[in-house]
Amino acid sequence: MKHLLFLLLLSSTVFAQSENEYNLIPFPARFSGQNGQFSLSATTRIVVSDPTVKAVAQTFASQVKAATGITLTVASASPALAKGANIFFTLNKKLTLGDEGYKLTVTPTRVLAEASTPKGLFYAAQTIRQLIPAGASSTAALPACAITDKPRFGYRGLMLDVGRHFMPVAFVKKFIDLMAMHKQNTFHWHLTEDQGWRIEIKKYPKLTQIGSKRAESIVGQYYQNYPQQFDGKPVSGFYTQEEIKDVVRYAQSRFVTIIPEIEMPGHAQAALAAYPELGCDPAKGYQVFTKWGVSEDVYCPSEKTFTFLQDVLTEVIALFPGKYIHIGGDECPKTAWKQSAFCQELMKKNNLKDEHELQSYFIRRVEKFLNSKGRSIIGWDEILEGGLAPNATVMSWRGTEGGIAAAKQKHNVIMTPGGTCYLDHYQGNPATEPLAIGGYLPLDKVYGYEPMPTELTDAEQKYVLGVQGNIWTEYMPTSESVEYMAFPRAIALAEIGWMQAGTHNFEDFSQRLKNHLPRLKNVNYAKRLFDITASTQAGDQGQIQVVLKKLDSDSRIVYTTNGKEPNEQSPEYIGPITLTKTTTIRAKTWTGGQPTGGQLTQTFVLHKGKNKPYTYGTPLDKYSDPKSSKLTDGVRGDTPRSRQEWVNVYGNDMDVTLDLGNVTSVTKVSLNFLKVILEKGFPPKSVEIALSKDGSDFKEAIAQPVVYELNGPWAILPVVADFKTARARYVRIRAKNAGVCPPEHPNAGEKTWFSIDEIVVE
Ligand code: ACM
């Protein structure tokens with residue numbers, strides 16, 4: 001009985017007290033599922049109460065046409081149509097659901113959408129769009145229901161970086177439509193970068209003639225090769241002003257506001273390549289940046305620069321009708337300003353105590369200009385550093401601290417912390433996912449994000465306008481790769497932004513999402529929701545058993561234990577897999593003759609040290625190995641792409657002793673070290689592995705250097721000590737730090753670090 005109740009609760013939003021299924025995302029605030037269906041077909045009219053909602057009805061009709069092929073006709077209200085089995089879009093000024101709220105009633109005889117604004121009706125229409133079953137064509141049965149809905153946050157955004165890689169207009173529109181489908185209302189368009197300027201500015205044609213083109217890009221991940229390798233392939237692209245107007249109109253038809261971002265004072269190298277006089281060292285020969293990361297060449301805070309930016313912003317204002325202009329403000333190295341006599345003089349003249357205050361002087365001047373044109377600025381949280389501009393809104397990206405500080409200063413805030421909102425991070429196993437910048441942000445972690453910081457009082461909370469996901473495209477060269485990284489994680493953020501706090505749970509969301517995803521026709525969304533997860537349990541003879549699970553009940557699991565790719569002929573998973581030795585399990589979900597996208601590749605390391613305690617001779621910092629368990633958790637670091645499973649030792653030697661609990665035979669001890677030279681990750685100079693029965697008398701087993709080539713790709717370097725017949729209770733590892741980076745290294749003289757994954761004892 002208890003179990004049944006639990007199941008009912010879990011599936012409450014999907015089935016919601018009726019025979020019908022509802023896979024709505026975001027799920028409405030008040031919802032009542034009912035029996036029966038409304039039959040949608042080419043004879044259905046969209047009846048509008050008012051000419052001002054005709055455009056909403058037409059947009060909705062075009063969305064239905066694209067999804068199902070059904071052509072719906074828009075008609076004005078009339079007594080004859082009032083009685084028909086139609087969809088009614090009715091403006092009702094008496095509703096008090098805010099400008100985005102709506103009521104929707106679907107019965108077998110009609111569909112009634114009501115809102116006090118066209119925008120509210122548009123959101124009702126998006127809900128109707130999601131009531132249409134995936135795969136419907138020519139007719140569609142809409143499940144009956146009664147909905148009263150409105151959002152939690154007024155700002156629900158996504159940012160797309162088109163600076164690192166240009167994305168075509170058709171894709172930008174598709175992206176905006178996907179946002180609108182999930183009731184997101186703000187598209188932050190990151191239009192300028194070190195690596196490319198993407199917006200036509202009539203007064204400064206070289207911005208696109210020169211600034212929109214870079215010669216090449218880095219091969220692989222930023223730190224992958226030492227020295228960095230380049231691909232020799234030019235990257236270019238920009239939007240004409242006509243194209244931008246077209247995109248703005250398209251977004252308006254979907255009630256999406258576009259916030260253009262023109263980066264300053266940093267991330268401006270492409271602009272300096274076009275107009276070198278805007279930098280502090282015009283003779284330097286600025287080029288559009290071919291590396292990722294942060295360029296030290298930034299705008300000089302000269303009158304020339306302010307005139308240029310005012311001219312650029314004047315054209316930007318004319319193109320984008322929204323209230324906000326994003327001025328960047330993040331990651332502006334102060335090197336060039338420190339070296340510039342002009343900047344130092346300017347600081348003295350204006351009583352600015354450091355370069356952070358100079359940056360605030362810069363941002364305040366630009367804010368003043370934009371405020372004088374009736375616009376407001378948004379900046380990344382670095383704009384707090386030298387003092388906030390008076391009316392600025394802050395985007396909190398380096399964690400939540402910036403957002404909290406800004407709200408406490410009574411400034412508006414948008415929450416987009418890297419750990420939960422950066423959709424450029426890995427969403428599945430980094431070893432098998434497409435190359436990404438790093439990190440690890442699976443769907444459930446995105447969904448678990450609560451945007452309202454608990455540190456804020458009720459009065460301060462009102463400054464938090466909402467939440468945004470960011471898509472930085474260094475490692476997304478195509479629109480398909482953007483789709484893969486953005487979806488479905490952006491949909492999780494859409495629900496977080498819309499639903500009230502505490503009304504949602506991941507199980508329920510993932511069930512709705514699974515049935516919703518087929519509606520995303522021609523979208524290359526990631527199938528990680530369907531991934532297989534593994535856990536271990538002890539068998540009745542103490543063996544290790546691996547249990548595989550999947551969310552997708554419609555498919556079966558096939559797997560291999562020999563490292564080969566599973567296929568239809570591979571064994572099907574029917575129960576726990578018993579392991580007798582270290583094994584890599586590869587598994588896939590399969591339906592009929594087709595893989596369905598779920599996958600697992602995981603190595604289970606069976607060894608005597610697993611879960612055994614260890615202690616450090618010299619303690620590591622708490623971030624490296626907080627619970628002292630990573631070195632014996634049975635999980636090896638299987639790729640340099642992710643540092644999740646690695647213990648990092650910064651600038652120090654390591655001295656660690658593992659206690660096996662009693663004296664036992666030890667035949668082999670093995671460890672891996674990372675080599676990531678460009679990132680200062682040098683394997684240790686030497687490694688000594690020693691054994692002891694009593695913990696004080698250690699017999700040296702091996703002491704040897706880790707041999708590697710400095711140049712070349714990152715690598716995992718194994719160190720193995722073979723003991724023929726040793727017996728021991730304690731295993732001690734001493735590893736010597738490689739010292740400082742050598743003279744030819746970009747970080748010459750700086751301390752190095754090394755990483756170790758697991759102490760494997762056999
Ligand atoms: C940022 O990620 N630099 C805002």
# chains A, B, ... in the order shown; residues from 1 in each chain; ligands from 1
$ residues_near_ligand --ligand "ligand 1" --cutoff "8 Å" --atoms "only C-alpha atoms and all ligand atoms" --output "list in words"
Gly328, Asp330, Glu331, Trp380, Trp397, Arg398, Gly418 and Trp472 of chain A
$ write_last_selection --atoms "N, CA, C and O atoms" --output "PDB file, in the first residue's frame"
ATOM      1  N   GLY A 328      29.054  42.960 -20.865  1.00  0.00           N
ATOM      2  CA  GLY A 328      30.153  42.045 -20.517  1.00  0.00           C
ATOM      3  C   GLY A 328      30.735  42.397 -19.166  1.00  0.00           C
ATOM      4  O   GLY A 328      30.081  42.291 -18.147  1.00  0.00           O
ATOM      5  N   ASP A 330      33.317  40.897 -17.783  1.00  0.00           N
ATOM      6  CA  ASP A 330      34.016  39.770 -17.148  1.00  0.00           C
ATOM      7  C   ASP A 330      35.439  39.657 -17.660  1.00  0.00           C
ATOM      8  O   ASP A 330      35.773  40.157 -18.732  1.00  0.00           O
ATOM      9  N   GLU A 331      36.261  38.986 -16.880  1.00  0.00           N
ATOM     10  CA  GLU A 331      37.574  38.529 -17.301  1.00  0.00           C
ATOM     11  C   GLU A 331      38.355  39.583 -18.096  1.00  0.00           C
ATOM     12  O   GLU A 331      38.731  39.358 -19.232  1.00  0.00           O
ATOM     13  N   TRP A 380      28.526  40.946 -16.166  1.00  0.00           N
ATOM     14  CA  TRP A 380      28.953  39.775 -15.395  1.00  0.00           C
ATOM     15  C   TRP A 380      29.453  40.251 -14.019  1.00  0.00           C
ATOM     16  O   TRP A 380      29.764  41.435 -13.841  1.00  0.00           O
ATOM     17  N   TRP A 397      27.977  34.599 -12.158  1.00  0.00           N
ATOM     18  CA  TRP A 397      28.467  33.390 -12.857  1.00  0.00           C
ATOM     19  C   TRP A 397      29.570  32.677 -12.106  1.00  0.00           C
ATOM     20  O   TRP A 397      29.696  31.474 -12.171  1.00  0.00           O
ATOM     21  N   ARG A 398      30.381  33.444 -11.318  1.00  0.00           N
ATOM     22  CA  ARG A 398      31.452  32.787 -10.552  1.00  0.00           C
ATOM     23  C   ARG A 398      30.854  32.329  -9.225  1.00  0.00           C
ATOM     24  O   ARG A 398      31.142  32.879  -8.177  1.00  0.00           O
ATOM     25  N   GLY A 418      28.335  28.955 -12.544  1.00  0.00           N
ATOM     26  CA  GLY A 418      28.998  27.967 -13.396  1.00  0.00           C
ATOM     27  C   GLY A 418      28.676  26.528 -13.040  1.00  0.00           C
ATOM     28  O   GLY A 418      28.455  25.703 -13.924  1.00  0.00           O
ATOM     29  N   TRP A 472      28.565  28.394 -23.981  1.00  0.00           N
ATOM     30  CA  TRP A 472      29.815  28.908 -24.541  1.00  0.00           C
ATOM     31  C   TRP A 472      30.292  27.904 -25.580  1.00  0.00           C
ATOM     32  O   TRP A 472      30.294  26.690 -25.326  1.00  0.00           O
TER      33      TRP A 472
END
$ residues_around --residues "A:Arg512" --least-positions-apart "2" --cutoff "7 Å" --atoms "only C-alpha atoms" --output "PyMOL selection string"
chain A and resi 14+23-24+508-510+514-516
$ write_last_selection --atoms "C-alpha atoms" --output "CSV table (one decimal), in the first residue's frame"
chain,number,residue,atom,x,y,z
A,14,VAL,CA,2.1,12.9,-15.6
A,23,ASN,CA,3.9,15.5,-20.4
A,24,LEU,CA,4.0,19.2,-19.9
A,508,ASP,CA,8.7,13.2,-12.2
A,509,PHE,CA,10.5,15.6,-14.5
A,510,SER,CA,12.5,12.8,-16.2
A,514,LYS,CA,11.2,11.1,-21.7
A,515,ASN,CA,7.8,11.5,-23.4
A,516,HIS,CA,8.3,15.1,-24.3
$ atom_distance --atom1 "atom CA of A:Ala251" --atom2 "atom CA of A:Ala55"
12.8 Å
$ atom_distance --atom1 "atom CA of A:Ala113" --atom2 "atom CA of A:Phe187"
25.7 Å
$ select_by_dssp --residues "stretch 318-482 of chain A" --states "alpha helix (DSSP H)" --output "VMD selection string"
chain A and resid 318 to 319 335 to 339 341 to 349 355 to 372 401 to 408 418 to 421 443 to 447 458 to 461 479 to 482
$ closest_residue --among "A:Arg556, A:Gln644, A:Ala735, A:Glu345" --to "A:Ala431" --atoms "only C-alpha atoms"
A:Gln644
$ atom_distance --atom1 "atom CA of A:Lys527" --atom2 "atom CA of A:Asp554"
14.3 Å
$ select_by_dssp --residues "stretch 517-638 of chain A" --states "strand (DSSP E)" --output "short mmCIF file (atom, residue, chain, number, x, y, z; two decimals) with N, CA, C and O atoms, in the first residue's frame"
data_model
loop_
_atom_site.label_atom_id
_atom_site.label_comp_id
_atom_site.auth_asym_id
_atom_site.auth_seq_id
_atom_site.Cartn_x
_atom_site.Cartn_y
_atom_site.Cartn_z
N ILE A 532 22.56 4.25 -18.86
CA ILE A 532 22.51 3.15 -17.91
C ILE A 532 23.39 3.56 -16.73
O ILE A 532 24.47 4.11 -16.93
N THR A 533 22.93 3.31 -15.54
CA THR A 533 23.77 3.58 -14.38
C THR A 533 24.12 2.25 -13.70
O THR A 533 23.36 1.29 -13.78
N ALA A 534 25.27 2.23 -13.05
CA ALA A 534 25.74 0.99 -12.44
C ALA A 534 25.99 1.21 -10.96
O ALA A 534 26.42 2.29 -10.54
N SER A 535 25.72 0.18 -10.18
CA SER A 535 26.12 0.19 -8.77
C SER A 535 26.65 -1.20 -8.44
O SER A 535 26.41 -2.14 -9.19
N THR A 536 27.36 -1.31 -7.34
CA THR A 536 27.89 -2.63 -6.98
C THR A 536 27.23 -3.11 -5.69
O THR A 536 26.80 -2.32 -4.86
N GLN A 537 27.15 -4.41 -5.56
CA GLN A 537 26.65 -5.02 -4.32
C GLN A 537 27.47 -6.28 -4.06
O GLN A 537 28.12 -6.81 -4.97
N ALA A 538 27.44 -6.76 -2.82
CA ALA A 538 28.17 -7.98 -2.50
C ALA A 538 27.29 -9.18 -2.80
O ALA A 538 26.11 -9.20 -2.43
N ILE A 544 31.85 -9.47 -5.97
CA ILE A 544 31.28 -8.17 -6.32
C ILE A 544 30.31 -8.35 -7.47
O ILE A 544 30.61 -9.01 -8.47
N GLN A 545 29.11 -7.82 -7.30
CA GLN A 545 28.12 -7.90 -8.36
C GLN A 545 27.78 -6.49 -8.84
O GLN A 545 27.66 -5.58 -8.03
N VAL A 546 27.63 -6.36 -10.15
CA VAL A 546 27.29 -5.06 -10.73
C VAL A 546 25.82 -5.08 -11.13
O VAL A 546 25.37 -5.99 -11.83
N VAL A 547 25.10 -4.09 -10.65
CA VAL A 547 23.67 -3.96 -10.97
C VAL A 547 23.51 -2.80 -11.95
O VAL A 547 24.01 -1.70 -11.70
N LEU A 548 22.86 -3.05 -13.07
CA LEU A 548 22.64 -2.00 -14.07
C LEU A 548 21.19 -1.54 -14.01
O LEU A 548 20.28 -2.36 -13.85
N LYS A 549 21.00 -0.24 -14.16
CA LYS A 549 19.63 0.32 -14.13
C LYS A 549 19.47 1.31 -15.27
O LYS A 549 20.43 1.95 -15.69
N LYS A 550 18.23 1.46 -15.71
CA LYS A 550 17.93 2.48 -16.73
C LYS A 550 16.54 3.03 -16.45
O LYS A 550 15.71 2.37 -15.83
N ARG A 556 15.81 -2.73 -23.73
CA ARG A 556 16.56 -3.70 -22.94
C ARG A 556 18.02 -3.29 -22.95
O ARG A 556 18.42 -2.43 -23.74
N ILE A 557 18.82 -3.91 -22.06
CA ILE A 557 20.24 -3.58 -21.99
C ILE A 557 21.04 -4.73 -22.58
O ILE A 557 20.83 -5.89 -22.21
N VAL A 558 21.94 -4.42 -23.50
CA VAL A 558 22.93 -5.41 -23.94
C VAL A 558 24.30 -4.93 -23.46
O VAL A 558 24.53 -3.73 -23.34
N TYR A 559 25.20 -5.91 -23.16
CA TYR A 559 26.48 -5.49 -22.58
C TYR A 559 27.61 -6.43 -22.97
O TYR A 559 27.38 -7.56 -23.42
N THR A 560 28.84 -5.94 -22.80
CA THR A 560 30.03 -6.77 -22.97
C THR A 560 30.93 -6.58 -21.76
O THR A 560 30.83 -5.57 -21.05
N ILE A 577 25.64 -8.78 -12.55
CA ILE A 577 26.79 -9.41 -13.21
C ILE A 577 27.86 -9.64 -12.15
O ILE A 577 28.31 -8.69 -11.51
N THR A 578 28.25 -10.88 -11.97
CA THR A 578 29.26 -11.20 -10.96
C THR A 578 30.65 -11.06 -11.56
O THR A 578 30.94 -11.63 -12.61
N LEU A 579 31.51 -10.31 -10.88
CA LEU A 579 32.86 -10.09 -11.39
C LEU A 579 33.87 -10.85 -10.53
O LEU A 579 33.75 -10.91 -9.31
N THR A 583 37.23 -5.46 -14.43
CA THR A 583 36.48 -5.63 -15.68
C THR A 583 35.91 -4.29 -16.14
O THR A 583 35.43 -3.51 -15.31
N THR A 584 35.96 -4.08 -17.45
CA THR A 584 35.25 -2.93 -18.01
C THR A 584 33.93 -3.43 -18.57
O THR A 584 33.91 -4.33 -19.41
N ILE A 585 32.85 -2.86 -18.06
CA ILE A 585 31.53 -3.22 -18.60
C ILE A 585 31.10 -2.12 -19.55
O ILE A 585 31.15 -0.93 -19.22
N ARG A 586 30.72 -2.53 -20.76
CA ARG A 586 30.14 -1.58 -21.72
C ARG A 586 28.72 -2.04 -22.00
O ARG A 586 28.48 -3.21 -22.25
N ALA A 587 27.79 -1.12 -21.92
CA ALA A 587 26.39 -1.50 -22.09
C ALA A 587 25.68 -0.45 -22.93
O ALA A 587 26.11 0.71 -22.99
N LYS A 588 24.62 -0.90 -23.61
CA LYS A 588 23.80 0.02 -24.40
C LYS A 588 22.34 -0.35 -24.25
O LYS A 588 22.03 -1.53 -24.05
N THR A 589 21.46 0.63 -24.40
CA THR A 589 20.04 0.31 -24.44
C THR A 589 19.66 0.00 -25.88
O THR A 589 20.20 0.59 -26.83
N TRP A 590 18.74 -0.91 -26.04
CA TRP A 590 18.39 -1.42 -27.36
C TRP A 590 16.89 -1.66 -27.42
O TRP A 590 16.31 -2.18 -26.49
N THR A 591 16.25 -1.25 -28.49
CA THR A 591 14.83 -1.58 -28.70
C THR A 591 14.68 -2.10 -30.12
O THR A 591 15.12 -1.44 -31.06
N GLN A 594 17.39 -1.55 -32.87
CA GLN A 594 18.05 -0.23 -32.83
C GLN A 594 18.61 0.11 -31.45
O GLN A 594 17.93 -0.11 -30.45
N PRO A 595 19.82 0.69 -31.40
CA PRO A 595 20.25 1.26 -30.13
C PRO A 595 19.40 2.50 -29.83
O PRO A 595 19.03 3.22 -30.75
N THR A 596 19.07 2.74 -28.57
CA THR A 596 18.21 3.89 -28.25
C THR A 596 18.97 5.01 -27.55
O THR A 596 18.36 5.95 -27.04
N GLY A 597 20.30 4.91 -27.54
CA GLY A 597 21.09 6.06 -27.09
C GLY A 597 21.64 5.94 -25.68
O GLY A 597 22.55 6.68 -25.31
N GLY A 598 21.08 5.06 -24.86
CA GLY A 598 21.61 4.90 -23.51
C GLY A 598 22.92 4.14 -23.54
O GLY A 598 23.09 3.23 -24.35
N GLN A 599 23.85 4.54 -22.71
CA GLN A 599 25.13 3.84 -22.72
C GLN A 599 25.80 3.88 -21.36
O GLN A 599 25.46 4.68 -20.49
N LEU A 600 26.76 2.96 -21.22
CA LEU A 600 27.58 2.93 -20.01
C LEU A 600 28.93 2.35 -20.40
O LEU A 600 29.00 1.38 -21.16
N THR A 601 30.00 2.98 -19.97
CA THR A 601 31.33 2.37 -20.04
C THR A 601 31.93 2.58 -18.67
O THR A 601 32.15 3.73 -18.27
N GLN A 602 32.13 1.53 -17.92
CA GLN A 602 32.68 1.71 -16.58
C GLN A 602 33.57 0.53 -16.21
O GLN A 602 33.23 -0.61 -16.45
N THR A 603 34.71 0.87 -15.66
CA THR A 603 35.64 -0.16 -15.22
C THR A 603 35.46 -0.37 -13.71
O THR A 603 35.43 0.60 -12.95
N PHE A 604 35.33 -1.61 -13.33
CA PHE A 604 35.21 -1.96 -11.91
C PHE A 604 36.53 -2.60 -11.51
O PHE A 604 36.91 -3.63 -12.05
N TYR A 614 43.34 5.36 4.40
CA TYR A 614 44.73 5.81 4.22
C TYR A 614 44.92 7.15 4.89
O TYR A 614 43.96 7.88 5.15
N THR A 615 46.18 7.45 5.19
CA THR A 615 46.48 8.73 5.85
C THR A 615 47.66 9.39 5.14
O THR A 615 48.52 8.70 4.58
N TYR A 616 47.66 10.70 5.16
CA TYR A 616 48.73 11.47 4.54
C TYR A 616 49.79 11.83 5.57
O TYR A 616 49.44 12.27 6.68
#
$ closest_atom_pairs --of "stretch 579-697 of chain A" --to "stretch 435-442 of chain A" --cutoff "9 Å" --atoms "only C-alpha atoms" --output "JSON lines"
{"residue": "A:Arg641", "atom": "CA", "partner": "A:Gly438", "partner_atom": "CA", "distance": 6.4}
{"residue": "A:Ser642", "atom": "CA", "partner": "A:Gly438", "partner_atom": "CA", "distance": 6.1}
{"residue": "A:Arg643", "atom": "CA", "partner": "A:Gly439", "partner_atom": "CA", "distance": 8.0}
{"residue": "A:Gln644", "atom": "CA", "partner": "A:Tyr440", "partner_atom": "CA", "distance": 8.0}
$ residues_around --residues "A:Ala66" --least-positions-apart "5" --cutoff "12 Å" --atoms "only C-alpha atoms" --output "PyMOL selection string"
chain A and resi 59-61+71-72+129+135-138+174+177+519-522
$ residues_around --residues "A:Gln500" --least-positions-apart "5" --cutoff "9 Å" --atoms "only C-alpha atoms" --output "list of chain:residue names"
A:Ala29, A:Pro151, A:Arg152, A:Phe153
$ residues_around --residues "A:Thr725" --least-positions-apart "3" --cutoff "8 Å" --atoms "only C-alpha atoms" --output "ChimeraX atom specification"
/A:665-667
$ write_last_selection --atoms "N, CA and C atoms" --output "PDB file, in the first residue's frame"
ATOM      1  N   SER A 665      48.951 -11.233   1.400  1.00  0.00           N
ATOM      2  CA  SER A 665      49.920 -11.297   0.292  1.00  0.00           C
ATOM      3  C   SER A 665      49.679 -10.120  -0.653  1.00  0.00           C
ATOM      4  N   VAL A 666      50.759  -9.514  -1.090  1.00  0.00           N
ATOM      5  CA  VAL A 666      50.677  -8.389  -2.032  1.00  0.00           C
ATOM      6  C   VAL A 666      51.574  -8.734  -3.221  1.00  0.00           C
ATOM      7  N   THR A 667      50.973  -8.814  -4.401  1.00  0.00           N
ATOM      8  CA  THR A 667      51.785  -9.179  -5.571  1.00  0.00           C
ATOM      9  C   THR A 667      52.055  -7.989  -6.478  1.00  0.00           C
TER      10      THR A 667
END
$ closest_residue --among "A:Val394, A:Ala125, A:Leu40, A:Cys280" --to "A:Val53" --atoms "only C-alpha atoms"
A:Ala125
$ residues_around --residues "A:Lys693" --least-positions-apart "4" --cutoff "7 Å" --atoms "only C-alpha atoms" --output "ChimeraX atom specification"
/A:663,728-730
$ write_last_selection --atoms "C-alpha atoms" --output "mmCIF file, in the first residue's frame"
data_model
loop_
_atom_site.group_PDB
_atom_site.id
_atom_site.type_symbol
_atom_site.label_atom_id
_atom_site.label_comp_id
_atom_site.auth_asym_id
_atom_site.auth_seq_id
_atom_site.Cartn_x
_atom_site.Cartn_y
_atom_site.Cartn_z
ATOM 1 C CA VAL A 663 48.911 -8.770 6.844
ATOM 2 C CA ALA A 728 52.254 -6.650 4.062
ATOM 3 C CA ARG A 729 49.547 -4.722 5.872
ATOM 4 C CA TYR A 730 50.711 -1.190 4.953
#
$ residues_around --residues "A:Asp246" --least-positions-apart "2" --cutoff "12 Å" --atoms "only C-alpha atoms" --output "NGL selection string"
:A and (169-170 or 172-173 or 239-244 or 248-253 or 319-320)
